[in-house]
Amino acid sequence: MERIILNVEGMSCAHCGRAVKNAVGELDGVERVIVDLTGKTVAIEYEPGKLTFESFKTVIEEEGYHVSGKI
């Protein structure tokens, strides 16, 4: 498993966190998603070679949030 942490702008409540967690969690190869509303980050554990930063960015931005980069 690999881990990536993304900075996500626009998440402000539990509903926002669930929307992002569910969208990312539906991607094939994602093992675990941890949303930190206070830190405005999303930590994702996933199978290497199946997904990329762009994969995560696309599904998060489709939910209406902005990915400002990775840590």
# chains A, B, ... in the order shown; residues from 1 in each chain; ligands from 1
$ select_by_dssp --residues "chain A" --states "alpha helix (DSSP H)" --output "PyMOL selection string"
chain A and resi 14-25+53-62
$ residues_around --residues "stretch 17-33 of chain A" --least-positions-apart "6" --cutoff "6 Å" --atoms "only C-alpha atoms" --output "PyMOL selection string"
chain A and resi 43-47+60
$ select_by_dssp --residues "stretch 9-69 of chain A" --states "strand (DSSP E)" --output "list in words"
Glu9, Val30, Glu31, Arg32, Val33, Ile34, Val35, Asp36, Thr41, Val42, Ala43, Ile44, Glu45, Tyr46, His66, Val67, Ser68 and Gly69 of chain A
$ write_last_selection --atoms "C-alpha atoms" --output "PDB file, in the first residue's frame"
ATOM      1  CA  GLU A   9     -10.172  23.365   0.311  1.00  0.00           C
ATOM      2  CA  VAL A  30      -8.447   2.472  -2.481  1.00  0.00           C
ATOM      3  CA  GLU A  31      -7.991   0.702   0.838  1.00  0.00           C
ATOM      4  CA  ARG A  32      -8.635   3.517   3.346  1.00  0.00           C
ATOM      5  CA  VAL A  33      -9.640   7.192   3.377  1.00  0.00           C
ATOM      6  CA  ILE A  34      -9.187   9.483   6.373  1.00  0.00           C
ATOM      7  CA  VAL A  35     -10.654  12.998   6.210  1.00  0.00           C
ATOM      8  CA  ASP A  36      -9.373  15.679   8.604  1.00  0.00           C
ATOM      9  CA  THR A  41      -6.552  17.127   4.430  1.00  0.00           C
ATOM     10  CA  VAL A  42      -7.494  13.742   3.051  1.00  0.00           C
ATOM     11  CA  ALA A  43      -5.155  10.791   3.632  1.00  0.00           C
ATOM     12  CA  ILE A  44      -5.601   7.927   1.186  1.00  0.00           C
ATOM     13  CA  GLU A  45      -4.089   4.452   1.332  1.00  0.00           C
ATOM     14  CA  TYR A  46      -4.202   2.746  -2.044  1.00  0.00           C
ATOM     15  CA  HIS A  66     -10.598  22.072  -4.554  1.00  0.00           C
ATOM     16  CA  VAL A  67      -7.411  20.012  -4.254  1.00  0.00           C
ATOM     17  CA  SER A  68      -4.621  22.522  -3.714  1.00  0.00           C
ATOM     18  CA  GLY A  69      -1.782  19.993  -3.673  1.00  0.00           C
TER      19      GLY A  69
END
$ atom_distance --atom1 "atom CA of A:Ser55" --atom2 "atom CA of A:Thr38"
23.6 Å
$ closest_residue --among "A:Leu37, A:Glu61, A:Lys70, A:Glu2" --to "A:His15" --atoms "only C-alpha atoms"
A:Leu37
